[in-house]
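Shown here: structure39.cif, mmCIF, C-alpha atoms.
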```cif
data_input
#
loop_
_atom_site.label_atom_id
_atom_site.label_comp_id
_atom_site.auth_asym_id
_atom_site.auth_seq_id
_atom_site.Cartn_x
_atom_site.Cartn_y
_atom_site.Cartn_z
CA MET A 1127 -26.01 -88.75 -57.23
CA LYS A 1128 -22.79 -87.90 -59.07
CA ILE A 1129 -23.22 -87.53 -62.83
CA LEU A 1130 -20.63 -87.19 -65.60
CA LEU A 1131 -21.70 -85.60 -68.88
CA ALA A 1132 -19.48 -86.74 -71.77
CA ASP A 1133 -20.13 -84.95 -75.06
CA ASP A 1134 -17.91 -83.05 -77.48
CA ASP A 1135 -20.55 -80.32 -77.81
CA ALA A 1136 -20.37 -77.87 -74.89
CA ARG A 1137 -23.92 -76.66 -75.58
CA MET A 1138 -25.24 -80.22 -75.29
CA ARG A 1139 -23.40 -80.68 -72.00
CA GLN A 1140 -24.93 -77.43 -70.71
CA MET A 1141 -28.42 -78.52 -71.75
CA ALA A 1142 -27.98 -81.94 -70.11
CA ARG A 1143 -26.59 -80.26 -66.96
CA GLN A 1144 -29.74 -78.15 -66.67
CA ILE A 1145 -31.96 -81.19 -67.15
CA VAL A 1146 -30.28 -83.36 -64.48
CA ALA A 1147 -29.43 -80.56 -62.03
CA GLY A 1148 -32.28 -81.43 -59.67
CA LEU A 1149 -31.02 -84.99 -59.19
CA ALA A 1150 -27.29 -84.45 -59.09
CA THR A 1151 -25.22 -83.70 -56.03
CA GLU A 1152 -22.24 -83.19 -58.35
CA VAL A 1153 -21.97 -82.84 -62.13
CA TYR A 1154 -18.72 -83.34 -64.04
CA GLU A 1155 -18.02 -82.76 -67.72
CA ALA A 1156 -15.78 -84.36 -70.34
CA GLY A 1157 -15.29 -83.39 -73.98
CA ASP A 1158 -14.40 -86.86 -75.26
CA GLY A 1159 -14.24 -90.49 -74.22
CA GLY A 1160 -10.67 -90.34 -72.94
CA GLU A 1161 -11.56 -87.44 -70.67
CA ALA A 1162 -14.62 -89.36 -69.49
CA VAL A 1163 -12.46 -92.32 -68.45
CA ALA A 1164 -10.09 -89.97 -66.61
CA VAL A 1165 -12.94 -88.22 -64.79
CA CYS A 1166 -14.40 -91.60 -63.81
CA ALA A 1167 -11.06 -92.60 -62.32
CA ALA A 1168 -10.80 -89.38 -60.34
CA GLU A 1169 -14.42 -88.79 -59.29
CA ARG A 1170 -16.22 -92.17 -59.48
CA PRO A 1171 -19.60 -90.89 -60.73
CA ASP A 1172 -22.74 -92.97 -60.27
CA TRP A 1173 -23.84 -92.27 -63.85
CA VAL A 1174 -22.14 -91.32 -67.09
CA LEU A 1175 -24.29 -89.80 -69.82
CA MET A 1176 -22.18 -90.64 -72.87
CA ASP A 1177 -22.31 -89.30 -76.41
CA LEU A 1178 -21.29 -91.76 -79.13
CA ARG A 1179 -19.47 -89.73 -81.78
CA MET A 1180 -16.46 -88.05 -80.16
CA LYS A 1181 -12.77 -87.87 -81.02
CA PRO A 1182 -10.17 -89.02 -80.27
CA MET A 1183 -11.96 -91.68 -78.15
CA ASP A 1184 -15.58 -92.38 -79.02
CA GLY A 1185 -18.35 -93.15 -76.56
CA LEU A 1186 -18.53 -96.90 -77.20
CA ARG A 1187 -14.83 -97.40 -76.56
CA ALA A 1188 -15.01 -95.17 -73.47
CA THR A 1189 -18.05 -97.06 -72.18
CA ALA A 1190 -16.25 -100.39 -72.56
CA GLU A 1191 -13.25 -99.07 -70.65
CA ILE A 1192 -15.36 -97.46 -67.91
CA LYS A 1193 -17.40 -100.64 -67.39
CA ALA A 1194 -14.23 -102.76 -67.30
CA ARG A 1195 -12.53 -100.50 -64.75
CA PHE A 1196 -15.56 -99.29 -62.77
CA PRO A 1197 -18.32 -101.90 -63.13
CA ARG A 1198 -20.62 -100.17 -60.62
CA THR A 1199 -20.76 -97.01 -62.74
CA ASN A 1200 -23.93 -96.85 -64.84
CA VAL A 1201 -23.55 -95.60 -68.41
CA ALA A 1202 -26.42 -94.23 -70.48
CA ILE A 1203 -25.75 -93.53 -74.13
CA VAL A 1204 -27.17 -90.17 -75.19
CA SER A 1205 -27.16 -90.03 -78.97
CA GLN A 1206 -28.76 -88.46 -82.00
CA TYR A 1207 -28.56 -91.82 -83.79
CA ASP A 1208 -31.62 -94.07 -83.56
CA ASP A 1209 -29.83 -97.13 -84.90
CA ASP A 1210 -30.34 -100.78 -83.93
CA GLY A 1211 -26.69 -101.63 -84.58
CA LEU A 1212 -25.52 -98.88 -82.23
CA ARG A 1213 -27.99 -100.03 -79.58
CA ALA A 1214 -26.67 -103.58 -79.85
CA GLU A 1215 -23.07 -102.40 -79.62
CA ALA A 1216 -23.95 -100.19 -76.61
CA THR A 1217 -25.41 -103.24 -74.87
CA ARG A 1218 -22.34 -105.30 -75.71
CA VAL A 1219 -19.97 -102.77 -74.12
CA GLY A 1220 -22.08 -102.40 -70.97
CA ALA A 1221 -24.42 -99.43 -71.39
CA CYS A 1222 -27.64 -99.80 -69.44
CA ALA A 1223 -29.70 -97.17 -71.28
CA TYR A 1224 -29.89 -95.46 -74.67
CA VAL A 1225 -31.64 -92.09 -74.93
CA LEU A 1226 -32.01 -90.01 -78.06
CA LYS A 1227 -30.86 -86.41 -77.68
CA GLU A 1228 -34.28 -85.22 -78.80
CA ASN A 1229 -35.63 -86.91 -75.64
CA LEU A 1230 -33.19 -85.51 -73.07
CA HIS A 1231 -36.18 -84.52 -70.93
CA GLU A 1232 -36.59 -88.23 -70.11
CA LEU A 1233 -33.22 -88.46 -68.32
CA PRO A 1234 -34.45 -87.32 -64.88
CA GLY A 1235 -37.06 -90.10 -64.85
CA ILE A 1236 -34.49 -92.73 -65.74
CA LEU A 1237 -32.01 -91.53 -63.13
CA ALA A 1238 -34.62 -90.99 -60.42
CA GLU A 1239 -36.13 -94.44 -60.92
CA ALA A 1240 -32.73 -96.07 -60.71
CA ALA A 1241 -31.82 -94.10 -57.58
CA LEU A 1242 -35.10 -94.84 -55.82
CA GLU A 1243 -34.91 -98.54 -56.56
CA GLY A 1244 -31.20 -98.84 -55.88
CA ARG A 1245 -30.56 -100.48 -59.23
CA VAL A 1246 -29.92 -99.82 -62.87
CA ALA A 1247 -33.08 -98.73 -64.67
CA LYS A 1248 -35.03 -101.52 -66.38
CA PRO A 1249 -37.42 -101.20 -69.33
CA SER A 1250 -41.13 -100.82 -68.90
CA ALA A 1251 -43.66 -101.90 -71.48
CA THR A 1252 -44.32 -98.32 -72.58
CA GLN A 1253 -40.85 -96.87 -72.80
CA GLY A 1254 -39.38 -97.55 -76.19
CA ARG A 1255 -37.26 -100.19 -77.75
CA PRO A 1256 -35.08 -102.52 -75.76
CA LEU A 1257 -31.39 -101.69 -75.93
CA ASP A 1258 -30.86 -105.19 -77.35
CA ALA A 1259 -31.53 -104.77 -81.07
CA SER A 1260 -32.27 -108.48 -81.47
CA LEU A 1261 -35.61 -107.95 -79.75
CA PRO A 1262 -38.59 -106.65 -81.71
CA ALA A 1263 -38.83 -102.90 -82.01
CA ALA A 1264 -41.66 -101.05 -80.30
CA PRO A 1265 -43.67 -98.59 -82.35
CA LYS A 1266 -42.20 -95.11 -82.66
CA GLU A 1267 -45.38 -93.53 -81.32
CA SER A 1268 -47.77 -94.61 -78.60
CA GLY A 1269 -51.53 -94.25 -78.68
CA THR A 1270 -51.10 -91.05 -76.67
CA GLY A 1271 -49.00 -89.43 -79.39
CA LEU A 1272 -45.83 -89.63 -77.31
CA THR A 1273 -42.63 -90.56 -79.08
CA LEU A 1274 -41.09 -93.74 -77.73
CA ASN A 1275 -37.40 -93.40 -78.57
CA GLN A 1276 -35.89 -93.77 -75.12
CA THR A 1277 -34.72 -97.17 -73.97
CA ARG A 1278 -33.82 -98.62 -70.62
CA THR A 1279 -32.60 -102.11 -69.85
#
```
Would you mind writing the file out in structure tokens?
Amino acid sequence: MKILLADDDARMRQMARQIVAGLATEVYEAGDGGEAVAVCAAERPDWVLMDLRMKPMDGLRATAEIKARFPRTNVAIVSQYDDDGLRAEATRVGACAYVLKENLHELPGILAEAALEGRVAKPSATQGRPLDASLPAAPKESGTGLTLNQTRT
């Protein structure tokens, strides 16, 4: 699986690289949305793990462009912002997952499930709020004490 990490923070890219290393055959990096679009054009990754707040091109705009040009590329938003409006906008531009940076450890499960099933990851009843903010929010904590901030659609 080819994965592109798009984040303006090099330390965050390094941390994400370590987390997904076991699943990736190749890992690419981009420091902003424009670079992410360029890397997608050159390398055609299976997944893009996209930060939201980057300059000069932010993650939402880059996601929209990537999905328009490369519709088979899956984009997961990886953000520090747990915001229903951002989730709704991410859905609108074509993102298929939204993971909080505090829950990066959940990325291998999302990617592995999608790879095994040959599809984009779908939500389960126990894995956080739907990416579509118009749906009711799940509780922030499960009965097991696990935080439920990660979303897959």
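Among the candidates A:Ala1162, A:Lys1181, A:Ala1190, A:Ile1145, the one nearest to A:Ile1236 when counting all atoms listed in the file is A:Ile1145.
Shortest atom-to-atom contact with A:Gly1148 among A:Ile1129, A:Glu1191, A:Ile1203, A:Arg1218: A:Ile1129, counting all atoms listed in the file.
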Result set, the PyMOL selection byres ((chain A and resi 1153-1158) around 12) on current file, as a ChimeraX atom specification: /A:1127-1152,1159-1166,1168-1189
Go ahead and write the selection's residues with C-alpha atoms as a tab-separated table (two decimals), keeping the file's coordinate frame.
```
chain	number	residue	atom	x	y	z
A	1127	MET	CA	-26.01	-88.75	-57.23
A	1128	LYS	CA	-22.79	-87.90	-59.07
A	1129	ILE	CA	-23.22	-87.53	-62.83
A	1130	LEU	CA	-20.63	-87.19	-65.60
A	1131	LEU	CA	-21.70	-85.60	-68.88
A	1132	ALA	CA	-19.48	-86.74	-71.77
A	1133	ASP	CA	-20.13	-84.95	-75.06
A	1134	ASP	CA	-17.91	-83.05	-77.48
A	1135	ASP	CA	-20.55	-80.32	-77.81
A	1136	ALA	CA	-20.37	-77.87	-74.89
A	1137	ARG	CA	-23.92	-76.66	-75.58
A	1138	MET	CA	-25.24	-80.22	-75.29
A	1139	ARG	CA	-23.40	-80.68	-72.00
A	1140	GLN	CA	-24.93	-77.43	-70.71
A	1141	MET	CA	-28.42	-78.52	-71.75
A	1142	ALA	CA	-27.98	-81.94	-70.11
A	1143	ARG	CA	-26.59	-80.26	-66.96
A	1144	GLN	CA	-29.74	-78.15	-66.67
A	1145	ILE	CA	-31.96	-81.19	-67.15
A	1146	VAL	CA	-30.28	-83.36	-64.48
A	1147	ALA	CA	-29.43	-80.56	-62.03
A	1148	GLY	CA	-32.28	-81.43	-59.67
A	1149	LEU	CA	-31.02	-84.99	-59.19
A	1150	ALA	CA	-27.29	-84.45	-59.09
A	1151	THR	CA	-25.22	-83.70	-56.03
A	1152	GLU	CA	-22.24	-83.19	-58.35
A	1159	GLY	CA	-14.24	-90.49	-74.22
A	1160	GLY	CA	-10.67	-90.34	-72.94
A	1161	GLU	CA	-11.56	-87.44	-70.67
A	1162	ALA	CA	-14.62	-89.36	-69.49
A	1163	VAL	CA	-12.46	-92.32	-68.45
A	1164	ALA	CA	-10.09	-89.97	-66.61
A	1165	VAL	CA	-12.94	-88.22	-64.79
A	1166	CYS	CA	-14.40	-91.60	-63.81
A	1168	ALA	CA	-10.80	-89.38	-60.34
A	1169	GLU	CA	-14.42	-88.79	-59.29
A	1170	ARG	CA	-16.22	-92.17	-59.48
A	1171	PRO	CA	-19.60	-90.89	-60.73
A	1172	ASP	CA	-22.74	-92.97	-60.27
A	1173	TRP	CA	-23.84	-92.27	-63.85
A	1174	VAL	CA	-22.14	-91.32	-67.09
A	1175	LEU	CA	-24.29	-89.80	-69.82
A	1176	MET	CA	-22.18	-90.64	-72.87
A	1177	ASP	CA	-22.31	-89.30	-76.41
A	1178	LEU	CA	-21.29	-91.76	-79.13
A	1179	ARG	CA	-19.47	-89.73	-81.78
A	1180	MET	CA	-16.46	-88.05	-80.16
A	1181	LYS	CA	-12.77	-87.87	-81.02
A	1182	PRO	CA	-10.17	-89.02	-80.27
A	1183	MET	CA	-11.96	-91.68	-78.15
A	1184	ASP	CA	-15.58	-92.38	-79.02
A	1185	GLY	CA	-18.35	-93.15	-76.56
A	1186	LEU	CA	-18.53	-96.90	-77.20
A	1187	ARG	CA	-14.83	-97.40	-76.56
A	1188	ALA	CA	-15.01	-95.17	-73.47
A	1189	THR	CA	-18.05	-97.06	-72.18
```
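As for atom CA of A:Lys1193 and atom CA of A:Arg1213, they are spaced 16.2 Å apart.
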Between atom CA of A:Ala1167 and atom CA of A:Pro1234, distance in Å (one decimal): 24.1 Å
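When atom CA of A:Ala1241 is paired with atom CA of A:Val1204, their separation reads 18.6 Å.
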Distance query A:Asp1208 at most 9 Å, only C-alpha atoms, self and fewer than 3 positions along chain excluded, as a ChimeraX atom specification: /A:1205,1212-1213,1225-1226,1275
Quick one: 6 Å padding each side, axis-aligned, all listed atoms of stretch 1207-1225 of chain A - centre and edge lengths in Å to one decimal, as AutoDock Vina command-line options?
```
--center_x -25.8 --center_y -98.6 --center_z -77.2 --size_x 23.7 --size_y 25.5 --size_z 27.5
```
The PyMOL selection byres ((chain A and resi 1220) around 9) resolved against shown file, as a ChimeraX atom specification: /A:1189-1190,1192-1194,1197,1200-1201,1215-1219,1221-1222
